[in-house]
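Read the structure below first, then the notes.
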Protein chains: 2
Amino acid sequence: MAQLIFTEDRDDPRLDDFRDLSTADRRPDRPGGKGLVIAEGTVVVGRMLESRYPVRALLGVERRFRELDHALARVDVPAYVTSAETMAEVVGFHLNRGVLAVADRPAPPTVAEVVGGADVVAVLEGVGDHENLGALFRNAAALGVGGVLLGPGCSDPLYRRSVRVSMGHVLRVPFTGVDAWPGGLDLLRAQGFRVAALTPRAGSVPLRAVREHAPGRIALLFGAEGPGLTEEALAAADLAVRVPMAPGVDSLNVATAAAVAFYELQAAVAR
Amino acid sequence: MAQLIFTEDRDDPRLDDFRDLSTADRRPDRPGGKGLVIAEGTVVVGRMLESRYPVRALLGVERRFRELDHALARVDVPAYVTSAETMAEVVGFHLNRGVLAVADRPAPPTVAEVVGGADVVAVLEGVGDHENLGALFRNAAALGVGGVLLGPGCSDPLYRRSVRVSMGHVLRVPFTGVDAWPGGLDLLRAQGFRVAALTPRAGSVPLRAVREHAPGRIALLFGAEGPGLTEEALAAADLAVRVPMAPGVDSLNVATAAAVAFYELQAAVAR
């Protein structure tokens, strides 16, 4: 059961984890210089409390803690209750979501752990935009994708903006980095996955036919909007797949293309 | 052929349409108090030049005009060439896209004109977020949706942010407002459309089965993320359809859900 601790002292050292949120993603004092994981708002804080992430503390206004009553009953962490004004002074700006939680970063899982129980996984190369990354995790969670692997050039999904845009689903969908690239994709093949690269290039299979070519476990490989996948990554894939586009349209946003692909595979299972 | 006019005078009155872009969406001197339509960057400016929107003028750095050479050859409007510095002083901030076009707002088409040649249209209720609206138009263009109808509570798709997020596709996909709500949906039914409301509620048809219930022309009805469609709109639809979600996930972003639905209908045509 979380302990409610009332404080209106903006300099209270127990609130230090919550200070200056606009730079919260960089913490020279933390492992790797990366910040703590920050959850904002009742929905995302609720997901963090249910996740494997070790929550250090919460900060919020009383009303938001009442909304989180049920989730708070199951954790043993300090919950600092304060006014919206004091909260704004601590975090550096007015935060209308009214509640925050901070967690440590656990050790990342192995590739084998991420893909273990999954039929569909996403593999990303060069997805450097925090919003796209967060949106992709949200879509993965919604559409039954079991894990996400991060190749070179990807942002950190645990940045504050990614966590927020993902609606907290980065805390639920397992992910880890792939060290060797694109050679690390062999690890997936060894586990029975076929690697399908999403690319608009000629000769790619229309998405709706993907299951004819990859009926079993499948890893969907996505590149950044604009440059797309590198030649190396395309060459390392088992097949190329495209979302058919209307004439005169170049591309979809990467998270949107991923949602469409995830949907097709989810729907294909049910067909 | 566009006329290239060189100027470095930040007070040049010919540049007045481009001043203070951060408030460009509000122009008390314009019809309805709405601003001109602003296109930013070579891709979106190129789409504006090819659209039905009457372009008034362009402003940009020389390099960007060279990239637009082909499109500029086919229009007869002034193109003001200036330095990045002068451009920043005029628009009020540094604009790294380097080129702008402004157009007047043409008279909106009628509902009959918007849906005329379309097999699939989108109908929106309460989609007030400019980014979601822009993203939805981009997805509509990419996935072959013929038009968009705007019910109550929707933002203006021609706001600068929507135009930008849509990648200029709000200038290509026809749209208009629906006056009577939800009674105006009868206009669609009179043209042979079935109205399918996207909603997670129990009893709705899984998206992949939508064609079993609506094999011909179809209007997809979307509400805002969070509140969803009103009871009135749901009651006025012919059927309810849902994107199946994994357990513990409440929703997709509205533009993403729309992309998935547009894809299903596009794929169904091709199946």
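Residues in the structure tokens are named by chain (A, B, ... in the order shown) and by number from 1 within that chain; ligands are numbered from 1 in the order shown.
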May I ask you to extract the residues of chain B within 7 Å of chain A, using only C-alpha atoms, and to give them as a CSV table (one decimal) with all heavy atoms, in the first residue's frame?
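Writing done, so here's iface_8.csv:
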```csv
chain,number,residue,atom,x,y,z
B,139,ASN,N,-3.8,9.6,-44.3
B,139,ASN,CA,-4.2,8.2,-44.4
B,139,ASN,C,-5.3,8.0,-45.5
B,139,ASN,O,-5.2,7.0,-46.2
B,139,ASN,CB,-4.6,7.7,-43.1
B,139,ASN,CG,-3.4,7.8,-42.0
B,139,ASN,OD1,-2.3,8.0,-42.4
B,139,ASN,ND2,-3.8,7.7,-40.8
B,141,ALA,N,-5.8,9.8,-48.1
B,141,ALA,CA,-5.2,9.9,-49.5
B,141,ALA,C,-4.4,8.6,-49.8
B,141,ALA,O,-4.5,8.1,-50.9
B,141,ALA,CB,-4.3,11.1,-49.5
B,142,ALA,N,-3.6,8.2,-48.9
B,142,ALA,CA,-2.8,7.0,-49.1
B,142,ALA,C,-3.6,5.7,-49.4
B,142,ALA,O,-3.2,4.9,-50.2
B,142,ALA,CB,-1.9,6.8,-47.9
B,143,LEU,N,-4.7,5.6,-48.8
B,143,LEU,CA,-5.4,4.3,-48.8
B,143,LEU,C,-6.7,4.4,-49.6
B,143,LEU,O,-7.6,3.6,-49.5
B,143,LEU,CB,-5.7,3.8,-47.4
B,143,LEU,CG,-4.3,3.6,-46.6
B,143,LEU,CD1,-4.5,3.4,-45.2
B,143,LEU,CD2,-3.6,2.3,-47.2
B,144,GLY,N,-6.8,5.4,-50.5
B,144,GLY,CA,-7.9,5.4,-51.5
B,144,GLY,C,-9.3,5.9,-51.0
B,144,GLY,O,-10.3,5.5,-51.6
B,208,ARG,N,-12.8,-7.0,-40.0
B,208,ARG,CA,-12.5,-7.8,-41.1
B,208,ARG,C,-13.8,-8.4,-41.7
B,208,ARG,O,-13.8,-8.9,-42.9
B,208,ARG,CB,-11.5,-8.9,-40.7
B,208,ARG,CG,-12.1,-9.9,-39.7
B,208,ARG,CD,-11.1,-11.0,-39.4
B,208,ARG,NE,-11.7,-11.9,-38.4
B,208,ARG,CZ,-11.7,-11.6,-37.1
B,208,ARG,NH1,-11.1,-10.5,-36.7
B,208,ARG,NH2,-12.3,-12.4,-36.2
B,245,MET,N,-9.1,-5.4,-30.4
B,245,MET,CA,-8.0,-4.9,-29.6
B,245,MET,C,-7.5,-6.0,-28.7
B,245,MET,O,-8.3,-6.8,-28.2
B,245,MET,CB,-8.4,-3.8,-28.7
B,245,MET,CG,-8.9,-2.6,-29.4
B,245,MET,SD,-7.5,-1.5,-30.0
B,245,MET,CE,-8.5,-0.4,-30.9
B,246,ALA,N,-6.2,-6.0,-28.4
B,246,ALA,CA,-5.7,-6.9,-27.4
B,246,ALA,C,-6.3,-6.6,-26.0
B,246,ALA,O,-6.6,-5.4,-25.8
B,246,ALA,CB,-4.2,-6.8,-27.4
B,249,VAL,N,-6.0,-3.0,-23.6
B,249,VAL,CA,-5.8,-1.8,-24.4
B,249,VAL,C,-7.1,-1.2,-24.8
B,249,VAL,O,-8.0,-1.8,-25.3
B,249,VAL,CB,-5.0,-2.1,-25.7
B,249,VAL,CG1,-4.7,-0.9,-26.5
B,249,VAL,CG2,-3.7,-2.9,-25.4
B,252,LEU,N,-7.1,2.9,-30.1
B,252,LEU,CA,-6.1,3.4,-31.0
B,252,LEU,C,-6.3,4.9,-31.2
B,252,LEU,O,-7.4,5.4,-31.0
B,252,LEU,CB,-6.1,2.8,-32.4
B,252,LEU,CG,-5.7,1.3,-32.5
B,252,LEU,CD1,-6.1,0.7,-33.8
B,252,LEU,CD2,-4.2,1.2,-32.3
B,256,THR,N,-5.1,6.6,-36.6
B,256,THR,CA,-4.6,5.2,-36.8
B,256,THR,C,-5.7,4.2,-37.0
B,256,THR,O,-5.6,3.4,-37.9
B,256,THR,CB,-3.7,4.8,-35.6
B,256,THR,OG1,-2.7,5.8,-35.4
B,256,THR,CG2,-3.0,3.5,-35.8
B,259,ALA,N,-6.8,4.6,-40.4
B,259,ALA,CA,-5.9,4.0,-41.4
B,259,ALA,C,-6.2,2.5,-41.5
B,259,ALA,O,-6.2,1.9,-42.6
B,259,ALA,CB,-4.5,4.2,-41.0
B,260,VAL,N,-6.4,1.8,-40.4
B,260,VAL,CA,-6.6,0.4,-40.4
B,260,VAL,C,-7.9,0.1,-41.1
B,260,VAL,O,-8.0,-0.8,-41.9
B,260,VAL,CB,-6.6,-0.1,-38.9
B,260,VAL,CG1,-7.2,-1.5,-38.8
B,260,VAL,CG2,-5.2,-0.1,-38.3
B,263,TYR,N,-7.6,0.7,-44.8
B,263,TYR,CA,-6.8,-0.5,-45.4
B,263,TYR,C,-7.7,-1.7,-45.6
B,263,TYR,O,-7.6,-2.3,-46.6
B,263,TYR,CB,-5.6,-0.8,-44.4
B,263,TYR,CG,-5.0,-2.1,-44.8
B,263,TYR,CD1,-4.2,-2.2,-45.9
B,263,TYR,CD2,-5.3,-3.3,-44.1
B,263,TYR,CE1,-3.6,-3.5,-46.3
B,263,TYR,CE2,-4.8,-4.5,-44.4
B,263,TYR,CZ,-3.9,-4.6,-45.5
B,263,TYR,OH,-3.4,-5.8,-45.9
B,267,ALA,N,-8.2,-3.3,-49.1
B,267,ALA,CA,-7.7,-4.7,-49.3
B,267,ALA,C,-8.9,-5.5,-49.7
B,267,ALA,O,-8.8,-6.4,-50.6
B,267,ALA,CB,-7.1,-5.2,-48.0
```
Extract the full set of helix (DSSP H, G or I) residues from range 59-262 of chain A according to DSSP on the backbone, and format it as a ChimeraX atom specification.
/A:62-67,69-72,84-91,111-115,130-142,160-165,169-171,185-190,207-213,231-236,254-262
I'd like the contact shell of range 80-95 of chain A - 7 Å cut-off, only C-alpha atoms, skipping same-chain residues fewer than 2 positions apart - returned as a PyMOL selection string.
chain A and resi 4-8+10+18-21+58-62+78+97-98
Selection export as an mmCIF file, in the first residue's frame, atoms kept: N, CA and C atoms:
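Saved to again-v9.cif:
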```cif
data_model
loop_
_atom_site.group_PDB
_atom_site.id
_atom_site.type_symbol
_atom_site.label_atom_id
_atom_site.label_comp_id
_atom_site.auth_asym_id
_atom_site.auth_seq_id
_atom_site.Cartn_x
_atom_site.Cartn_y
_atom_site.Cartn_z
ATOM 1 N N LEU A 4 0.811 7.825 1.547
ATOM 2 C CA LEU A 4 0.554 9.210 1.145
ATOM 3 C C LEU A 4 1.314 10.146 2.081
ATOM 4 N N ILE A 5 2.160 11.000 1.494
ATOM 5 C CA ILE A 5 2.970 11.933 2.281
ATOM 6 C C ILE A 5 2.679 13.342 1.780
ATOM 7 N N PHE A 6 2.137 14.183 2.646
ATOM 8 C CA PHE A 6 1.771 15.541 2.240
ATOM 9 C C PHE A 6 2.958 16.477 2.395
ATOM 10 N N THR A 7 3.249 17.257 1.344
ATOM 11 C CA THR A 7 4.319 18.255 1.451
ATOM 12 C C THR A 7 3.991 19.430 0.545
ATOM 13 N N GLU A 8 4.289 20.621 1.013
ATOM 14 C CA GLU A 8 4.160 21.808 0.161
ATOM 15 C C GLU A 8 5.508 22.518 0.065
ATOM 16 N N ARG A 10 8.611 23.157 -1.804
ATOM 17 C CA ARG A 10 9.115 22.959 -3.168
ATOM 18 C C ARG A 10 10.563 22.518 -3.179
ATOM 19 N N PHE A 18 11.719 14.361 -9.353
ATOM 20 C CA PHE A 18 10.686 14.973 -10.189
ATOM 21 C C PHE A 18 11.067 16.368 -10.685
ATOM 22 N N ARG A 19 12.292 16.809 -10.343
ATOM 23 C CA ARG A 19 12.650 18.192 -10.673
ATOM 24 C C ARG A 19 12.967 18.380 -12.156
ATOM 25 N N ASP A 20 12.524 19.536 -12.672
ATOM 26 C CA ASP A 20 12.894 19.971 -14.017
ATOM 27 C C ASP A 20 12.662 18.876 -15.057
ATOM 28 N N LEU A 21 11.418 18.502 -15.201
ATOM 29 C CA LEU A 21 11.063 17.396 -16.103
ATOM 30 C C LEU A 21 11.469 17.638 -17.552
ATOM 31 N N LEU A 58 5.870 8.543 -6.320
ATOM 32 C CA LEU A 58 4.840 9.256 -7.085
ATOM 33 C C LEU A 58 4.731 10.678 -6.560
ATOM 34 N N LEU A 59 4.274 11.560 -7.424
ATOM 35 C CA LEU A 59 4.018 12.946 -7.024
ATOM 36 C C LEU A 59 2.733 13.377 -7.713
ATOM 37 N N GLY A 60 1.810 13.944 -6.935
ATOM 38 C CA GLY A 60 0.574 14.372 -7.594
ATOM 39 C C GLY A 60 -0.344 15.139 -6.681
ATOM 40 N N VAL A 61 -1.426 15.596 -7.275
ATOM 41 C CA VAL A 61 -2.455 16.280 -6.483
ATOM 42 C C VAL A 61 -3.411 15.215 -5.941
ATOM 43 N N GLU A 62 -4.085 15.546 -4.856
ATOM 44 C CA GLU A 62 -4.866 14.547 -4.130
ATOM 45 C C GLU A 62 -5.928 13.873 -5.013
ATOM 46 N N PRO A 78 6.514 5.609 -1.741
ATOM 47 C CA PRO A 78 5.999 6.891 -1.248
ATOM 48 C C PRO A 78 5.239 7.638 -2.341
ATOM 49 N N ARG A 97 -1.786 16.969 -16.236
ATOM 50 C CA ARG A 97 -2.164 15.587 -15.950
ATOM 51 C C ARG A 97 -2.191 15.289 -14.449
ATOM 52 N N GLY A 98 -1.501 16.131 -13.641
ATOM 53 C CA GLY A 98 -1.710 16.087 -12.189
ATOM 54 C C GLY A 98 -1.076 14.959 -11.406
#
```
For Leu221 in chain A, list every protein, DNA or RNA residue within 8 Å, evaluated using only C-alpha atoms, and leave out those in the same chain fewer than 3 positions away; present the list as a VMD selection string.
chain A and resid 122 to 125 195 to 198 237
Run DSSP on the backbone and grab whatever in range 11-231 of chain B lands in strand (DSSP E or B); send it over as a PyMOL selection string.
chain B and resi 26+34+37-40+55-60+78-81+99-103+120-125+147-150+175-177+194-198+205-206+218-224+228
Atomic distance CA of Val75 in chain A - CA of Asp9 in chain A, expressed in Å with one decimal:
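Computed distance, CA of Val75 in chain A to CA of Asp9 in chain A, equals 24.6 Å.
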Would you work out the distance separating CA of Arg189 in chain B from CA of Ser204 in chain B, expressed in Å to one decimal?
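Taking CA of Arg189 in chain B as the start and CA of Ser204 in chain B as the end point, the length is 19.9 Å.
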Find the residues around range 157-161 of chain B up to 8 Å (only C-alpha atoms counted), leave out those fewer than 2 positions away in its own chain, and share them as a PyMOL selection string.
chain B and resi 24-25+35+37-39+130-131+133-134+155+163-165+170
Serialized selection, N, CA, C and O atoms, as an mmCIF file, in the first residue's frame:
```
data_model
loop_
_atom_site.group_PDB
_atom_site.id
_atom_site.type_symbol
_atom_site.label_atom_id
_atom_site.label_comp_id
_atom_site.auth_asym_id
_atom_site.auth_seq_id
_atom_site.Cartn_x
_atom_site.Cartn_y
_atom_site.Cartn_z
ATOM 1 N N ALA B 24 -1.199 32.770 -38.093
ATOM 2 C CA ALA B 24 -1.696 32.837 -39.474
ATOM 3 C C ALA B 24 -3.091 32.237 -39.638
ATOM 4 O O ALA B 24 -3.765 32.499 -40.629
ATOM 5 N N ASP B 25 -3.515 31.409 -38.658
ATOM 6 C CA ASP B 25 -4.825 30.781 -38.797
ATOM 7 C C ASP B 25 -5.976 31.711 -38.444
ATOM 8 O O ASP B 25 -7.127 31.390 -38.688
ATOM 9 N N GLY B 35 -7.761 32.234 -41.598
ATOM 10 C CA GLY B 35 -6.581 32.651 -42.339
ATOM 11 C C GLY B 35 -6.529 32.078 -43.740
ATOM 12 O O GLY B 35 -7.377 31.276 -44.146
ATOM 13 N N VAL B 37 -4.680 29.701 -46.552
ATOM 14 C CA VAL B 37 -4.161 28.342 -46.438
ATOM 15 C C VAL B 37 -2.656 28.407 -46.687
ATOM 16 O O VAL B 37 -2.205 28.974 -47.697
ATOM 17 N N ILE B 38 -1.897 27.859 -45.745
ATOM 18 C CA ILE B 38 -0.437 27.955 -45.800
ATOM 19 C C ILE B 38 0.159 26.590 -46.095
ATOM 20 O O ILE B 38 -0.150 25.611 -45.400
ATOM 21 N N ALA B 39 1.029 26.528 -47.082
ATOM 22 C CA ALA B 39 1.770 25.298 -47.372
ATOM 23 C C ALA B 39 3.230 25.547 -47.027
ATOM 24 O O ALA B 39 3.783 26.589 -47.358
ATOM 25 N N HIS B 130 -5.931 19.140 -34.371
ATOM 26 C CA HIS B 130 -5.449 19.439 -35.721
ATOM 27 C C HIS B 130 -4.481 18.383 -36.257
ATOM 28 O O HIS B 130 -4.469 18.095 -37.444
ATOM 29 N N GLU B 131 -3.679 17.817 -35.380
ATOM 30 C CA GLU B 131 -2.734 16.793 -35.851
ATOM 31 C C GLU B 131 -3.463 15.511 -36.243
ATOM 32 O O GLU B 131 -3.166 14.914 -37.279
ATOM 33 N N LEU B 133 -6.479 15.285 -37.245
ATOM 34 C CA LEU B 133 -7.239 15.565 -38.462
ATOM 35 C C LEU B 133 -6.315 15.520 -39.686
ATOM 36 O O LEU B 133 -6.636 14.891 -40.705
ATOM 37 N N GLY B 134 -5.165 16.160 -39.581
ATOM 38 C CA GLY B 134 -4.215 16.136 -40.693
ATOM 39 C C GLY B 134 -3.749 14.719 -41.001
ATOM 40 O O GLY B 134 -3.703 14.301 -42.165
ATOM 41 N N SER B 155 -12.250 20.222 -36.138
ATOM 42 C CA SER B 155 -11.417 21.385 -36.450
ATOM 43 C C SER B 155 -11.466 21.662 -37.940
ATOM 44 O O SER B 155 -11.976 20.860 -38.725
ATOM 45 N N VAL B 163 -2.599 21.104 -42.264
ATOM 46 C CA VAL B 163 -2.055 21.027 -43.631
ATOM 47 C C VAL B 163 -0.687 20.351 -43.592
ATOM 48 O O VAL B 163 -0.393 19.459 -44.387
ATOM 49 N N ARG B 164 0.131 20.770 -42.615
ATOM 50 C CA ARG B 164 1.491 20.234 -42.529
ATOM 51 C C ARG B 164 1.481 18.738 -42.191
ATOM 52 O O ARG B 164 2.139 17.943 -42.858
ATOM 53 N N VAL B 165 0.724 18.360 -41.160
ATOM 54 C CA VAL B 165 0.699 16.950 -40.748
ATOM 55 C C VAL B 165 0.093 16.076 -41.853
ATOM 56 O O VAL B 165 0.483 14.929 -42.027
ATOM 57 N N VAL B 170 -4.735 17.348 -47.354
ATOM 58 C CA VAL B 170 -6.027 18.044 -47.177
ATOM 59 C C VAL B 170 -6.360 18.871 -48.412
ATOM 60 O O VAL B 170 -7.513 19.229 -48.629
#
```
Using only C-alpha atoms, which residues sit within 8 Å of Ala118 in chain A once same-chain residues fewer than 6 positions away are excluded, as a PyMOL selection string?
chain A and resi 145-147+217
Would you mind exporting C-alpha atoms of the selected residues as a compact mmCIF listing (two decimals), in the first residue's frame?
```
# COMPACT_ATOMS: atom_id res chain seq x y z
CA VAL A 145 2.41 -7.71 -31.28
CA GLY A 146 4.51 -9.60 -28.78
CA GLY A 147 7.74 -7.62 -28.73
CA ARG A 217 6.13 -16.68 -36.86
```
One number please: CA of Leu149 in chain B to CA of Ala202 in chain B, in Å, one decimal.
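One can read the CA of Leu149 in chain B to CA of Ala202 in chain B distance as 26.0 Å.
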